[in-house]
Amino acid sequence: MIRRTLTIAITAVFLGMALAGCATNNGTNPGNTTTTTTSPTSGGTGVKNPDVFTTLTISEAESLDPAYDYESAGGQILQNVYNTLYFYKGSSATDLVPVLASAMPNFSADKKEVTIPLRADAKFHDGNLMTADDVVFSLNRVILMNDPDGPAAILNSVAGATAYNGGDGSAAARTTYLAAGGITKVDDHTVKIKLDYPDPALLYKLAFTLGSVVEKSYVCAHKGADFGADCLPPPGKTRDPWMDEHEMGTGAFMLDSWQKGQQLSMKRWDQFFGTKALVSQVIVKKVDDVNTRELALFSGDADDVYIPVDHAGDLQGKSGLRIVENDSFTVAFIGFNQHFCGDKNVNLTAYTTCMATNGVNAPKGANGAPDTDFFADKNMRLAWINAFDYDQYINDILGHHGSLLNGVIPKGMFGYDSSIPVPHRDMTKAKDYYSKSNHSDGFTLTIFYNTGNTVREKTAELLAQNLAELGPNIHVDTKGLDFSTAFLAAQRAKALPVFYLGWAPDYAFPDDYTTPFADSQAGVYAKRVGYANPAMDDLLHSLLRETDQTKLQQGYSQVTKMLNDDAAYIFLAQASAYHVERDWVHGFYFNPMQNGAPNVGDFSTVSKQ
């Protein structure tokens, strides 16, 4: 696949937002699109259920609450039933356009106040018009919910948000945050956002699903008994059970039904303020077995399905299909949990409770005794990193549908440093590090991945085979867990010793990669694997307030090198988005910032004919 680089020019973006209210677009895609159509159907005949779009994938939403949900399966639904103030224009990963806003914003001279005009014709799915009250409520709700596994930290530049996010979550802290006036109503159709420091990525952050505007009166009507008159989350309340399973947005589709573990259905919202969706219903089915998904695609019972790239050969000679492949910003990685069940020296009670439930999965030494600090041993981590066969992975498993990563920031994103080499297998180094480790006489553990992802399954098996070459008494198993019901819960409990996962971007800025993986305080993965480096935290926090483009580039290059040196993860590949659809499908477009890839992200544009 021919690749083309898109680089976000930070200075241009920042000045563009501040002065002209628009991000600078330096390209239309992070990579070239490759389209292949197999033997076509004749004249579009035989289209099944032309007004219903059916998509098959391997996971489902954890929640429908945009203040909590922080995974791509839920994000795919959220971006279709809700709208944000701004979103990406077509396939561009940088160019934003107003959606619920009526125009691009106005920034103050110091770039610390943002005034956003709102459209007056957007209706929620109950028919009520959206106003500034709903926008202020929605954004404050994200920050105050502040779930440790949610997206709240993304809005830390909002006045008072960093202090609240890092505080004790008390009623006094809540009052202090609201008094800071970070998000306020100017009038019914204007809101103002006050920042603690200039944030060039702010509009990109607001385009993420956390910026979805939910109707305040609907949340109030279904609030729990412990919610106050303002209907915002009370201290310590990090979930809203009603909103986990319901929605009240302004999107082109509205929730129709949800049979958990099976399928979710959306129907067209005919009072949508924009261009109406072309199909009347969308059905998203959860089907773990790849053969079942393929049969549904070949028979026409599904319109697009998730086909892992290691099954690309299954499509050869099949008629009526179209394959669209794009470069993405998604990174695949393996995380080493340095403190299984958490650091017992920090929270012994939580550790003891976790071990009582999950201790069976703790790493074990050659003597069979659990070692919950197995991966706190840097020599062991380096042994794994050097033992992995990257060439076999990229050649035989991915089939070159993607490229090896040289660190946490993907190619095409600002902050990527091409001078940093990609990793390669070195068994001499691997054995040397292993001989210096705390378990050089052998060990037993399990590598976990999410069920239905055969690429991750095969990669885990390859890694297990590679590790067996380090020496005797090494027993590494692999195991799949259902993503939404088992994998996420165990990972968040720090109860997976080592796991394979992917990270898709929330917003097109390098700190959306460096913070999650490297910030011990705010990093979703750093916290789950117990990675902590005070020098890294200081560097990351300084970069959040830096606006000089050269210093930013140098800083993010340093972050990548430091994280590689600390050997906290195996960074594997920058995946390609391998999209497979029936050739009767029209209107699909790829944007790396959408959730749901490689399946359809925006269902409002697709039709069947």
# chains A, B, ... in the order shown; residues from 1 in each chain; ligands from 1
$ select_by_dssp --residues "stretch 391-539 of chain A" --states "strand (DSSP E)" --output "list in words"
Gly402, Ser403, Leu404, Phe443, Thr444, Leu445, Thr446, Ile447, Phe448, Tyr449, Asn450, Ile474, His475, Val476, Asp477, Thr478, Lys479, Gly480, Leu481, Val498, Phe499, Tyr500, Leu501, Gly502 and Trp503 of chain A
$ residues_around --residues "A:Leu78" --least-positions-apart "2" --cutoff "10 Å" --atoms "only C-alpha atoms" --output "list in words"
Ala61, Ser63, Leu64, Asp65, Pro66, Asp69, Ser72, Ala73, Gly74, Gly75, Gln76, Asn80, Val81, Tyr82, Asn83, Phe208, Thr209, Leu210, Ser212, Glu247, Gly249, Gly251, Phe253, Met254, Leu255 and Asn595 of chain A
$ closest_residue --among "A:Tyr556, A:Trp503, A:Phe107, A:Tyr88" --to "A:Tyr70" --atoms "only C-alpha atoms"
A:Trp503
$ residues_around --residues "A:Val284" --least-positions-apart "2" --cutoff "12 Å" --atoms "only C-alpha atoms" --output "PyMOL selection string"
chain A and resi 52-61+73-74+76-77+255-267+281-282+286-287+302-306+596+599-601+603
$ residues_around --residues "A:Pro148" --least-positions-apart "3" --cutoff "10 Å" --atoms "only C-alpha atoms" --output "list in words"
Tyr68, Met145, Pro151, Ala152, Ala153, Asn165, Thr238, Arg492, Ala522, Gly523, Val524 and Lys527 of chain A
$ write_last_selection --atoms "N, CA and C atoms" --output "PDB file, in the first residue's frame"
ATOM      1  N   TYR A  68     -19.111   8.668  30.435  1.00  0.00           N
ATOM      2  CA  TYR A  68     -18.387   7.525  30.999  1.00  0.00           C
ATOM      3  C   TYR A  68     -17.698   6.671  29.938  1.00  0.00           C
ATOM      4  N   MET A 145     -18.296  13.688  36.690  1.00  0.00           N
ATOM      5  CA  MET A 145     -18.415  12.241  36.828  1.00  0.00           C
ATOM      6  C   MET A 145     -17.040  11.641  37.110  1.00  0.00           C
ATOM      7  N   PRO A 151     -13.340   9.328  30.334  1.00  0.00           N
ATOM      8  CA  PRO A 151     -12.574  10.302  29.546  1.00  0.00           C
ATOM      9  C   PRO A 151     -12.396  11.666  30.190  1.00  0.00           C
ATOM     10  N   ALA A 152     -12.789  11.847  31.456  1.00  0.00           N
ATOM     11  CA  ALA A 152     -12.833  13.187  32.047  1.00  0.00           C
ATOM     12  C   ALA A 152     -11.510  13.931  31.970  1.00  0.00           C
ATOM     13  N   ALA A 153     -10.393  13.224  32.143  1.00  0.00           N
ATOM     14  CA  ALA A 153      -9.087  13.892  32.182  1.00  0.00           C
ATOM     15  C   ALA A 153      -8.750  14.600  30.875  1.00  0.00           C
ATOM     16  N   ASN A 165     -10.014  16.893  39.071  1.00  0.00           N
ATOM     17  CA  ASN A 165      -9.651  15.545  38.637  1.00  0.00           C
ATOM     18  C   ASN A 165      -8.615  14.925  39.553  1.00  0.00           C
ATOM     19  N   THR A 238     -19.639   8.000  39.905  1.00  0.00           N
ATOM     20  CA  THR A 238     -18.915   7.940  38.637  1.00  0.00           C
ATOM     21  C   THR A 238     -19.679   7.201  37.544  1.00  0.00           C
ATOM     22  N   ARG A 492      -9.107  -3.376  34.190  1.00  0.00           N
ATOM     23  CA  ARG A 492      -9.265  -2.236  35.082  1.00  0.00           C
ATOM     24  C   ARG A 492      -8.972  -2.608  36.535  1.00  0.00           C
ATOM     25  N   ALA A 522      -2.689  10.406  35.117  1.00  0.00           N
ATOM     26  CA  ALA A 522      -3.872  10.494  34.257  1.00  0.00           C
ATOM     27  C   ALA A 522      -3.922   9.418  33.187  1.00  0.00           C
ATOM     28  N   GLY A 523      -2.882   8.626  33.031  1.00  0.00           N
ATOM     29  CA  GLY A 523      -2.809   7.668  31.941  1.00  0.00           C
ATOM     30  C   GLY A 523      -3.633   6.417  32.177  1.00  0.00           C
ATOM     31  N   VAL A 524      -4.595   6.168  31.301  1.00  0.00           N
ATOM     32  CA  VAL A 524      -5.474   5.024  31.477  1.00  0.00           C
ATOM     33  C   VAL A 524      -4.696   3.712  31.479  1.00  0.00           C
ATOM     34  N   LYS A 527      -1.769   3.598  34.442  1.00  0.00           N
ATOM     35  CA  LYS A 527      -2.299   3.180  35.746  1.00  0.00           C
ATOM     36  C   LYS A 527      -2.594   1.690  35.781  1.00  0.00           C
TER      37      LYS A 527
END
$ closest_residue --among "A:Pro50, A:Pro516, A:Leu203, A:Gly236" --to "A:Tyr164" --atoms "only C-alpha atoms"
A:Gly236
$ residues_around --residues "A:Asn156" --least-positions-apart "5" --cutoff "12 Å" --atoms "only C-alpha atoms" --output "tab-separated table (two decimals) with N, CA and C atoms, in the first residue's frame"
chain	number	residue	atom	x	y	z
A	139	LEU	N	-20.98	19.10	29.36
A	139	LEU	CA	-19.54	19.16	29.56
A	139	LEU	C	-19.17	19.14	31.04
A	140	ASN	N	-19.93	19.85	31.86
A	140	ASN	CA	-19.69	19.79	33.31
A	140	ASN	C	-19.93	18.38	33.84
A	142	VAL	N	-19.35	15.53	32.34
A	142	VAL	CA	-18.18	14.70	32.06
A	142	VAL	C	-17.12	14.90	33.14
A	143	ILE	N	-16.81	16.17	33.42
A	143	ILE	CA	-15.74	16.50	34.36
A	143	ILE	C	-16.10	16.04	35.77
A	144	LEU	N	-17.34	16.25	36.19
A	144	LEU	CA	-17.74	15.90	37.55
A	144	LEU	C	-17.94	14.40	37.74
A	146	ASN	N	-16.03	12.10	36.38
A	146	ASN	CA	-14.63	11.84	36.72
A	146	ASN	C	-14.34	10.38	37.04
A	151	PRO	N	-13.34	9.33	30.33
A	151	PRO	CA	-12.57	10.30	29.55
A	151	PRO	C	-12.40	11.67	30.19
A	161	ALA	N	-10.64	22.11	36.27
A	161	ALA	CA	-10.82	20.67	36.02
A	161	ALA	C	-9.64	19.85	36.51
A	162	THR	N	-8.41	20.35	36.30
A	162	THR	CA	-7.24	19.60	36.74
A	162	THR	C	-7.26	19.42	38.25
A	163	ALA	N	-7.58	20.49	38.98
A	163	ALA	CA	-7.63	20.41	40.44
A	163	ALA	C	-8.71	19.43	40.89
A	164	TYR	N	-9.87	19.46	40.20
A	164	TYR	CA	-10.93	18.53	40.60
A	164	TYR	C	-10.56	17.09	40.26
A	165	ASN	N	-10.01	16.89	39.07
A	165	ASN	CA	-9.65	15.55	38.64
A	165	ASN	C	-8.61	14.92	39.55
A	166	GLY	N	-7.70	15.72	40.06
A	166	GLY	CA	-6.65	15.20	40.94
A	166	GLY	C	-6.95	15.34	42.41
A	177	TYR	N	-14.93	23.60	41.87
A	177	TYR	CA	-14.85	23.47	40.42
A	177	TYR	C	-15.94	24.30	39.74
A	182	GLY	N	-15.63	27.36	34.55
A	182	GLY	CA	-14.94	26.88	33.36
A	182	GLY	C	-15.84	26.79	32.15
A	194	LYS	N	-13.71	28.68	29.70
A	194	LYS	CA	-12.52	29.34	30.24
A	194	LYS	C	-11.49	28.26	30.56
A	195	LEU	N	-10.25	28.50	30.17
A	195	LEU	CA	-9.18	27.53	30.32
A	195	LEU	C	-8.16	27.98	31.36
A	196	ASP	N	-7.55	27.02	32.03
A	196	ASP	CA	-6.44	27.33	32.94
A	196	ASP	C	-5.16	27.63	32.17
A	197	TYR	N	-5.07	27.10	30.96
A	197	TYR	CA	-3.90	27.33	30.12
A	197	TYR	C	-4.32	27.13	28.66
A	198	PRO	N	-3.65	27.79	27.72
A	198	PRO	CA	-4.02	27.61	26.31
A	198	PRO	C	-3.94	26.16	25.90
A	199	ASP	N	-4.93	25.70	25.18
A	199	ASP	CA	-5.00	24.29	24.78
A	199	ASP	C	-5.27	24.21	23.28
A	201	ALA	N	-5.40	21.81	21.38
A	201	ALA	CA	-6.17	20.63	20.97
A	201	ALA	C	-7.62	20.70	21.43
A	202	LEU	N	-8.04	21.80	22.02
A	202	LEU	CA	-9.37	21.86	22.64
A	202	LEU	C	-10.50	21.47	21.69
A	205	LYS	N	-10.64	17.85	21.07
A	205	LYS	CA	-11.16	17.14	22.24
A	205	LYS	C	-12.68	17.22	22.29
A	515	THR	N	-0.10	10.65	26.98
A	515	THR	CA	-0.75	10.68	28.29
A	515	THR	C	-1.32	9.32	28.68
A	522	ALA	N	-2.69	10.41	35.12
A	522	ALA	CA	-3.87	10.49	34.26
A	522	ALA	C	-3.92	9.42	33.19
A	541	HIS	N	3.59	16.91	31.62
A	541	HIS	CA	2.81	18.04	32.12
A	541	HIS	C	3.32	19.36	31.56
A	544	LEU	N	2.01	19.84	27.95
A	544	LEU	CA	0.61	20.22	27.84
A	544	LEU	C	0.45	21.74	27.79
A	545	ARG	N	1.42	22.45	28.32
A	545	ARG	CA	1.36	23.91	28.37
A	545	ARG	C	2.30	24.59	27.38
$ atom_distance --atom1 "atom CA of A:Thr547" --atom2 "atom CA of A:Thr190"
27.2 Å
